[in-house]
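> Dropping in coords-v7.txt, which is compact mmCIF, C-alpha atoms and all ligand atoms:
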```
# COMPACT_ATOMS: atom_id res chain seq x y z
CA MET A 15 10.55 19.71 -16.41
CA GLY A 16 11.24 22.17 -13.59
CA LEU A 17 10.26 22.48 -9.95
CA LYS A 18 6.70 23.24 -8.95
CA GLN A 19 5.32 24.27 -5.56
CA ILE A 20 2.48 21.97 -4.55
CA GLU A 21 0.54 20.89 -1.49
CA LEU A 22 -0.09 17.19 -0.97
CA THR A 23 -2.33 15.57 1.63
CA VAL A 24 -0.69 12.41 2.95
CA ASN A 25 -2.03 10.45 5.92
CA ASP A 26 -4.35 13.38 6.75
CA PHE A 27 -1.54 15.96 6.92
CA SER A 28 -1.06 18.61 4.28
CA HIS A 29 2.55 19.14 3.14
CA PRO A 30 3.71 22.07 0.98
CA PHE A 31 6.91 21.41 -1.02
CA LEU A 32 8.64 21.62 -4.35
CA VAL A 33 8.49 18.69 -6.78
CA GLU A 34 9.82 18.03 -10.24
CA SER A 35 6.94 18.16 -12.70
CA ASP A 36 7.65 14.60 -13.87
CA GLU A 37 8.38 12.91 -10.54
CA THR A 38 6.45 9.92 -9.28
CA LEU A 39 4.45 9.68 -6.09
CA LEU A 40 6.83 6.91 -4.98
CA PHE A 41 9.82 9.25 -5.29
CA THR A 42 7.99 12.06 -3.50
CA LEU A 43 6.88 9.87 -0.60
CA ARG A 44 10.28 8.29 -0.03
CA ASN A 45 12.64 11.15 -0.86
CA ARG A 46 10.76 14.30 0.08
CA LEU A 47 8.49 13.12 2.91
CA TYR A 48 10.81 10.29 4.11
CA LEU A 49 7.86 7.89 4.26
CA THR A 50 10.01 4.88 3.43
CA GLY A 51 7.39 2.27 4.37
CA THR A 52 6.30 2.38 0.72
CA LYS A 53 8.81 0.15 -1.03
CA GLU A 54 10.54 0.60 -4.35
CA GLY A 55 10.73 -2.79 -6.04
CA CYS A 56 10.61 -3.01 -9.82
CA ASN A 57 9.79 0.68 -10.40
CA GLN A 58 7.98 -0.54 -13.54
CA GLY A 59 4.45 -1.30 -12.37
CA THR A 60 4.80 -5.06 -12.01
CA CYS A 61 5.52 -5.99 -8.36
CA GLY A 62 2.94 -4.10 -6.26
CA SER A 63 5.38 -3.22 -3.48
CA CYS A 64 4.81 0.52 -3.97
CA THR A 65 1.01 0.37 -3.56
CA VAL A 66 -0.64 3.27 -1.70
CA LEU A 67 -4.22 4.54 -1.56
CA LEU A 68 -5.29 7.53 -3.65
CA ASP A 69 -8.75 8.70 -2.62
CA GLY A 70 -9.26 5.24 -1.10
CA LYS A 71 -8.25 3.24 -4.19
CA PRO A 72 -4.98 1.31 -4.48
CA VAL A 73 -2.53 2.73 -7.01
CA LEU A 74 1.04 1.87 -7.96
CA SER A 75 2.92 4.90 -6.73
CA CYS A 76 5.86 4.17 -9.08
CA MET A 77 3.51 4.74 -12.01
CA THR A 78 1.60 7.71 -10.56
CA PRO A 79 2.79 11.27 -11.26
CA THR A 80 2.82 13.31 -8.05
CA LEU A 81 1.16 16.25 -9.78
CA ARG A 82 -1.88 14.04 -10.39
CA CYS A 83 -2.31 13.62 -6.61
CA VAL A 84 -2.80 17.28 -5.75
CA GLU A 85 -6.21 17.85 -4.08
CA LYS A 86 -6.55 14.12 -3.50
CA LYS A 87 -5.90 12.09 -0.36
CA VAL A 88 -2.91 9.79 -0.22
CA ILE A 89 -2.70 7.11 2.46
CA THR A 90 0.50 5.15 2.92
CA ILE A 91 1.33 2.18 5.12
CA GLU A 92 2.33 4.67 7.84
CA GLY A 93 -1.29 5.88 7.93
CA ILE A 94 -3.15 2.56 7.97
CA SER A 95 -3.16 1.87 11.72
CA SER A 96 -3.39 4.14 14.72
CA GLY A 97 -0.67 3.94 17.34
CA GLU A 98 -0.15 0.43 18.66
CA ASN A 99 -3.42 -0.84 17.17
CA LEU A 100 -2.62 -2.79 14.07
CA HIS A 101 -5.23 -3.13 11.33
CA PRO A 102 -6.60 -6.73 11.26
CA VAL A 103 -4.76 -7.30 7.97
CA GLN A 104 -1.46 -6.37 9.63
CA LYS A 105 -2.28 -8.31 12.78
CA TYR A 106 -2.97 -11.57 10.94
CA LEU A 107 -0.01 -11.21 8.58
CA VAL A 108 2.12 -11.25 11.72
CA LYS A 109 0.11 -13.98 13.49
CA ASN A 110 -0.04 -16.31 10.49
CA GLY A 111 3.59 -15.84 9.44
CA GLY A 112 2.52 -14.07 6.24
CA LEU A 113 5.81 -12.21 5.99
CA GLN A 114 9.46 -13.07 6.02
CA CYS A 115 11.75 -10.30 4.73
CA GLY A 116 8.75 -7.94 4.78
CA PHE A 117 9.63 -6.11 1.58
CA CYS A 118 6.32 -6.90 -0.13
CA THR A 119 4.25 -6.46 3.04
CA PRO A 120 3.36 -2.74 2.84
CA GLY A 121 2.08 -3.26 -0.69
CA VAL A 122 0.14 -6.37 0.34
CA VAL A 123 -1.49 -4.45 3.19
CA MET A 124 -2.37 -1.45 1.02
CA THR A 125 -3.95 -3.74 -1.58
CA ALA A 126 -5.73 -6.02 0.89
CA VAL A 127 -7.31 -3.38 3.13
CA PRO A 128 -9.52 -1.73 0.47
CA PHE A 129 -10.11 -5.11 -1.21
CA LEU A 130 -11.48 -6.70 1.98
CA GLU A 131 -13.44 -3.56 2.88
CA GLU A 132 -15.18 -3.79 -0.51
CA ASN A 133 -15.38 -7.59 -0.55
CA PRO A 134 -15.88 -8.68 3.06
CA ASP A 135 -17.21 -12.10 1.98
CA ALA A 136 -14.51 -12.79 -0.59
CA SER A 137 -13.70 -16.46 -1.09
CA ARG A 138 -10.13 -17.75 -0.88
CA ARG A 139 -9.95 -17.78 -4.67
CA GLU A 140 -11.23 -14.19 -4.87
CA ILE A 141 -8.67 -13.07 -2.26
CA LYS A 142 -5.93 -14.73 -4.35
CA GLU A 143 -7.16 -12.90 -7.45
CA GLY A 144 -7.39 -9.61 -5.56
CA LEU A 145 -3.77 -9.95 -4.48
CA SER A 146 -2.49 -11.25 -7.81
CA GLY A 147 -0.60 -8.00 -8.54
CA ASN A 148 1.49 -8.25 -5.38
CA LEU A 149 4.62 -10.35 -5.79
CA CYS A 150 6.31 -12.03 -2.82
CA ARG A 151 9.65 -13.79 -3.15
CA CYS A 152 9.59 -15.39 0.30
CA THR A 153 6.34 -16.82 1.59
CA GLY A 154 4.87 -18.87 -1.25
CA TYR A 155 1.64 -16.89 -0.71
CA LYS A 156 -0.24 -19.55 1.31
CA LYS A 157 0.33 -17.85 4.66
CA ILE A 158 -0.52 -14.44 3.20
CA ILE A 159 -3.86 -15.76 1.96
CA ASP A 160 -4.48 -17.54 5.30
CA ALA A 161 -3.86 -14.20 7.05
CA LEU A 162 -6.22 -12.32 4.78
CA GLU A 163 -8.98 -14.91 5.30
CA ASN A 164 -8.62 -14.47 9.06
CA ALA A 165 -8.51 -10.68 8.72
CA ALA A 166 -11.68 -10.75 6.62
CA ALA A 167 -13.45 -12.81 9.30
CA GLU A 168 -12.46 -10.29 11.96
CA MET A 169 -13.46 -7.34 9.78
CA ARG A 170 -16.91 -8.94 9.25
CA SER A 171 -17.56 -9.49 12.96
S1 LIG B 1 7.78 -0.65 -7.53
FE1 LIG B 1 5.83 -0.07 -8.28
S2 LIG B 1 4.99 -1.91 -9.07
FE2 LIG B 1 7.02 -2.46 -8.47
S1 LIG B 2 8.03 -11.46 2.61
FE1 LIG B 2 9.83 -11.19 1.43
S2 LIG B 2 9.06 -10.57 -0.51
FE2 LIG B 2 7.29 -11.07 0.62
```
Spit out the file's structure as structure tokens when you get a sec.

Amino acid sequence: MGLKQIELTVNDFSHPFLVESDETLLFTLRNRLYLTGTKEGCNQGTCGSCTVLLDGKPVLSCMTPTLRCVEKKVITIEGISSGENLHPVQKYLVKNGGLQCGFCTPGVVMTAVPFLEENPDASRREIKEGLSGNLCRCTGYKKIIDALENAAAEMRS
């Protein structure tokens, strides 16, 4: 326990601040950096809504100690597109109606972007499997998977 001074690189900016030695990356992002796009759902590692990228790989920020992220690169939903230009995954989630309340959407995006970058030819079944850790209470998933198939096609071209 106790506060520690650290520097964390989030969305390509370096931030110095004090953190509790046992706090999670989710807490740090939302409560110290005010990056509230990353959502707190279950806080137990089961819903996927808190997903961010750590050195390019998706991690559940509610299960990731902040101190483990020092000298690594964190990307949150706020860092996935530039200005008005949405990432194809975001664009097709909107176009295909792949979101309703939007609570799960940041986590879906942060899981889908690296998945489709690594698996540009993923089948519908593989996309479903890749997203199986992201729970959505609203959409019934079909429109999310439709959106990700369309995003994959655009990312390939
Ligand atoms: S809030 Fe992290 S998995 Fe649900
Ligand atoms: S859009 Fe509401 S939880 Fe997914």
> Taking only C-alpha atoms and all ligand atoms and a cut-off of 8 Å, can you tell me which residues surround ligand LIG 1 (chain B), written as a PDB file with C-alpha atoms, in the coordinates of the input?

```pdb
ATOM      1  CA  LEU A  40       6.830   6.910  -4.980  1.00  0.00           C
ATOM      2  CA  LYS A  53       8.810   0.150  -1.030  1.00  0.00           C
ATOM      3  CA  GLU A  54      10.540   0.600  -4.350  1.00  0.00           C
ATOM      4  CA  GLY A  55      10.730  -2.790  -6.040  1.00  0.00           C
ATOM      5  CA  CYS A  56      10.610  -3.010  -9.820  1.00  0.00           C
ATOM      6  CA  ASN A  57       9.790   0.680 -10.400  1.00  0.00           C
ATOM      7  CA  GLN A  58       7.980  -0.540 -13.540  1.00  0.00           C
ATOM      8  CA  GLY A  59       4.450  -1.300 -12.370  1.00  0.00           C
ATOM      9  CA  THR A  60       4.800  -5.060 -12.010  1.00  0.00           C
ATOM     10  CA  CYS A  61       5.520  -5.990  -8.360  1.00  0.00           C
ATOM     11  CA  GLY A  62       2.940  -4.100  -6.260  1.00  0.00           C
ATOM     12  CA  SER A  63       5.380  -3.220  -3.480  1.00  0.00           C
ATOM     13  CA  CYS A  64       4.810   0.520  -3.970  1.00  0.00           C
ATOM     14  CA  THR A  65       1.010   0.370  -3.560  1.00  0.00           C
ATOM     15  CA  LEU A  74       1.040   1.870  -7.960  1.00  0.00           C
ATOM     16  CA  SER A  75       2.920   4.900  -6.730  1.00  0.00           C
ATOM     17  CA  CYS A  76       5.860   4.170  -9.080  1.00  0.00           C
ATOM     18  CA  MET A  77       3.510   4.740 -12.010  1.00  0.00           C
TER      19      MET A  77
END
```
> So which one's closest to ligand LIG 2 (chain B), A:Ser171, A:Thr153, A:Gln19, A:Ser35? Using only C-alpha atoms and all ligand atoms, please.
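Smallest distance to ligand LIG 2 (chain B) is found for A:Thr153.
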> What are the closest atom pairs, with distances in Å to one decimal, for each residue of chain A lying within 6 Å of ligand LIG 2 (chain B), using only C-alpha atoms and all ligand atoms, rows by chain and rising residue number, as JSON lines?

```
{"residue": "A:Leu113", "atom": "CA", "partner": "B:LIG2", "partner_atom": "S1", "distance": 4.1}
{"residue": "A:Gln114", "atom": "CA", "partner": "B:LIG2", "partner_atom": "S1", "distance": 4.0}
{"residue": "A:Cys115", "atom": "CA", "partner": "B:LIG2", "partner_atom": "FE1", "distance": 3.9}
{"residue": "A:Gly116", "atom": "CA", "partner": "B:LIG2", "partner_atom": "S1", "distance": 4.2}
{"residue": "A:Phe117", "atom": "CA", "partner": "B:LIG2", "partner_atom": "S2", "distance": 5.0}
{"residue": "A:Cys118", "atom": "CA", "partner": "B:LIG2", "partner_atom": "FE2", "distance": 4.3}
{"residue": "A:Cys150", "atom": "CA", "partner": "B:LIG2", "partner_atom": "FE2", "distance": 3.7}
{"residue": "A:Arg151", "atom": "CA", "partner": "B:LIG2", "partner_atom": "S2", "distance": 4.2}
{"residue": "A:Cys152", "atom": "CA", "partner": "B:LIG2", "partner_atom": "FE1", "distance": 4.4}
{"residue": "A:Thr153", "atom": "CA", "partner": "B:LIG2", "partner_atom": "S1", "distance": 5.7}
```
> Can you tell me how far atom CA of Pro102 of chain A sits from atom CA of His29 of chain A, in Å to one decimal?
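According to the coordinates, atom CA of Pro102 of chain A and atom CA of His29 of chain A are separated by 28.6 Å.
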> Got a sec to check which residues sit within 10 Å of (6.2, 15.5, -8.4), counting only C-alpha atoms, and write them as a compact mmCIF listing (two decimals) with C-alpha atoms, keeping the file's coordinate frame?

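And here is the file that came out, point.txt:
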```txt
# COMPACT_ATOMS: atom_id res chain seq x y z
CA GLY A 16 11.24 22.17 -13.59
CA LEU A 17 10.26 22.48 -9.95
CA LYS A 18 6.70 23.24 -8.95
CA GLN A 19 5.32 24.27 -5.56
CA ILE A 20 2.48 21.97 -4.55
CA LEU A 22 -0.09 17.19 -0.97
CA PHE A 31 6.91 21.41 -1.02
CA LEU A 32 8.64 21.62 -4.35
CA VAL A 33 8.49 18.69 -6.78
CA GLU A 34 9.82 18.03 -10.24
CA SER A 35 6.94 18.16 -12.70
CA ASP A 36 7.65 14.60 -13.87
CA GLU A 37 8.38 12.91 -10.54
CA THR A 38 6.45 9.92 -9.28
CA LEU A 39 4.45 9.68 -6.09
CA LEU A 40 6.83 6.91 -4.98
CA PHE A 41 9.82 9.25 -5.29
CA THR A 42 7.99 12.06 -3.50
CA LEU A 43 6.88 9.87 -0.60
CA ARG A 46 10.76 14.30 0.08
CA THR A 78 1.60 7.71 -10.56
CA PRO A 79 2.79 11.27 -11.26
CA THR A 80 2.82 13.31 -8.05
CA LEU A 81 1.16 16.25 -9.78
CA ARG A 82 -1.88 14.04 -10.39
CA CYS A 83 -2.31 13.62 -6.61
CA VAL A 84 -2.80 17.28 -5.75
```
> Find, counting all atoms listed in the file, the residue in A:Pro120, A:Glu132, A:Leu47, A:Thr90 that gets nearest to Pro30 of chain A.
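For Pro30 of chain A, the nearest of the given residues is A:Leu47.
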> How far is it from atom CA of Ile91 of chain A to atom CA of Leu68 of chain A, in Å with one decimal?
12.2 Å
> With all atoms listed in the file as the atoms that count, which of A:Glu92, A:Lys157, A:Glu98, A:Ala126 lies nearest to Arg44 of chain A?
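Checking each of A:Glu92, A:Lys157, A:Glu98, A:Ala126 against Arg44 of chain A, counting all atoms listed in the file, the winner is A:Glu92.
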> Between A:Pro134, A:Gly93, A:Arg139, A:Val123, which is the closest to Val108 of chain A once you count all atoms listed in the file?
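Once distances to Val108 of chain A are computed over all atoms listed in the file, the minimum belongs to A:Val123.
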> Using only C-alpha atoms, list the residues that have an atom at most 6 Å from (-13.3, -14.3, 4.3), coordinates as in the file, as a ChimeraX atom specification.
/A:135-137,163,166-167
> Which residues, written as a CSV table (one decimal) with C-alpha atoms, in the frame of the given file, have at least one atom at most 9 Å from Ile158 of chain A, with all atoms listed in the file counted and residues fewer than 6 positions away on the same chain left out?

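Saved to selection00.csv:
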```
chain,number,residue,atom,x,y,z
A,106,TYR,CA,-3.0,-11.6,10.9
A,107,LEU,CA,0.0,-11.2,8.6
A,110,ASN,CA,0.0,-16.3,10.5
A,111,GLY,CA,3.6,-15.8,9.4
A,112,GLY,CA,2.5,-14.1,6.2
A,113,LEU,CA,5.8,-12.2,6.0
A,122,VAL,CA,0.1,-6.4,0.3
```
> Only N, CA and C atoms needed: put segment 46-78 of chain A from the block into a file as a short mmCIF file (atom, residue, chain, number, x, y, z; two decimals), in the first residue's frame.

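Contents of decode-v8.cif, as written:
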```cif
data_model
loop_
_atom_site.label_atom_id
_atom_site.label_comp_id
_atom_site.auth_asym_id
_atom_site.auth_seq_id
_atom_site.Cartn_x
_atom_site.Cartn_y
_atom_site.Cartn_z
N ARG A 46 -7.83 9.21 -12.50
CA ARG A 46 -6.67 10.11 -12.43
C ARG A 46 -6.45 10.82 -13.76
N LEU A 47 -6.73 10.13 -14.86
CA LEU A 47 -6.55 10.77 -16.18
C LEU A 47 -7.89 11.21 -16.79
N TYR A 48 -8.98 10.86 -16.15
CA TYR A 48 -10.34 11.25 -16.61
C TYR A 48 -10.61 10.76 -18.03
N LEU A 49 -10.03 9.63 -18.38
CA LEU A 49 -10.32 8.99 -19.67
C LEU A 49 -11.47 8.01 -19.42
N THR A 50 -12.67 8.54 -19.46
CA THR A 50 -13.84 7.75 -19.03
C THR A 50 -14.47 6.95 -20.17
N GLY A 51 -13.83 6.97 -21.35
CA GLY A 51 -14.30 6.12 -22.44
C GLY A 51 -14.16 4.65 -22.09
N THR A 52 -13.17 4.30 -21.31
CA THR A 52 -12.99 2.92 -20.85
C THR A 52 -14.01 2.67 -19.74
N LYS A 53 -14.86 1.68 -19.96
CA LYS A 53 -16.02 1.50 -19.06
C LYS A 53 -15.75 0.50 -17.94
N GLU A 54 -16.35 0.80 -16.80
CA GLU A 54 -16.28 -0.12 -15.67
C GLU A 54 -17.58 -0.89 -15.61
N GLY A 55 -17.54 -2.17 -15.99
CA GLY A 55 -18.72 -3.01 -15.94
C GLY A 55 -18.70 -3.87 -14.70
N CYS A 56 -18.24 -5.11 -14.87
CA CYS A 56 -18.26 -6.07 -13.76
C CYS A 56 -17.15 -5.83 -12.75
N ASN A 57 -16.04 -5.22 -13.21
CA ASN A 57 -14.85 -5.03 -12.37
C ASN A 57 -14.30 -6.36 -11.85
N GLN A 58 -14.60 -7.45 -12.56
CA GLN A 58 -14.17 -8.79 -12.12
C GLN A 58 -13.59 -9.61 -13.26
N GLY A 59 -13.32 -8.97 -14.40
CA GLY A 59 -12.68 -9.71 -15.49
C GLY A 59 -13.61 -10.55 -16.33
N THR A 60 -14.92 -10.26 -16.32
CA THR A 60 -15.81 -11.14 -17.09
C THR A 60 -16.58 -10.46 -18.23
N CYS A 61 -16.62 -9.12 -18.29
CA CYS A 61 -17.51 -8.49 -19.29
C CYS A 61 -16.79 -7.87 -20.48
N GLY A 62 -15.52 -7.55 -20.35
CA GLY A 62 -14.75 -7.01 -21.48
C GLY A 62 -14.91 -5.52 -21.71
N SER A 63 -15.77 -4.85 -20.93
CA SER A 63 -16.04 -3.44 -21.23
C SER A 63 -14.86 -2.53 -20.89
N CYS A 64 -13.92 -3.02 -20.12
CA CYS A 64 -12.77 -2.20 -19.70
C CYS A 64 -11.53 -2.45 -20.55
N THR A 65 -11.69 -3.12 -21.70
CA THR A 65 -10.53 -3.52 -22.51
C THR A 65 -9.77 -2.31 -23.06
N VAL A 66 -8.45 -2.34 -22.91
CA VAL A 66 -7.55 -1.35 -23.51
C VAL A 66 -6.38 -2.12 -24.12
N LEU A 67 -5.53 -1.42 -24.84
CA LEU A 67 -4.34 -2.08 -25.41
C LEU A 67 -3.12 -1.77 -24.54
N LEU A 68 -2.35 -2.80 -24.25
CA LEU A 68 -1.09 -2.65 -23.53
C LEU A 68 -0.01 -3.22 -24.45
N ASP A 69 0.86 -2.33 -24.92
CA ASP A 69 1.84 -2.71 -25.94
C ASP A 69 1.16 -3.45 -27.10
N GLY A 70 0.01 -2.92 -27.51
CA GLY A 70 -0.68 -3.44 -28.70
C GLY A 70 -1.58 -4.63 -28.46
N LYS A 71 -1.56 -5.20 -27.27
CA LYS A 71 -2.39 -6.39 -26.97
C LYS A 71 -3.56 -5.99 -26.07
N PRO A 72 -4.76 -6.55 -26.35
CA PRO A 72 -5.88 -6.22 -25.47
C PRO A 72 -5.72 -6.81 -24.07
N VAL A 73 -5.99 -5.98 -23.08
CA VAL A 73 -5.98 -6.46 -21.68
C VAL A 73 -7.23 -5.93 -20.99
N LEU A 74 -7.66 -6.63 -19.95
CA LEU A 74 -8.76 -6.16 -19.12
C LEU A 74 -8.17 -5.21 -18.09
N SER A 75 -8.49 -3.92 -18.22
CA SER A 75 -7.83 -2.95 -17.35
C SER A 75 -8.28 -3.09 -15.90
N CYS A 76 -9.46 -3.72 -15.66
CA CYS A 76 -9.90 -3.91 -14.27
C CYS A 76 -9.08 -4.98 -13.56
N MET A 77 -8.35 -5.78 -14.34
CA MET A 77 -7.54 -6.85 -13.75
C MET A 77 -6.04 -6.56 -13.88
N THR A 78 -5.70 -5.38 -14.36
CA THR A 78 -4.30 -5.06 -14.64
C THR A 78 -3.78 -4.02 -13.65
#
```
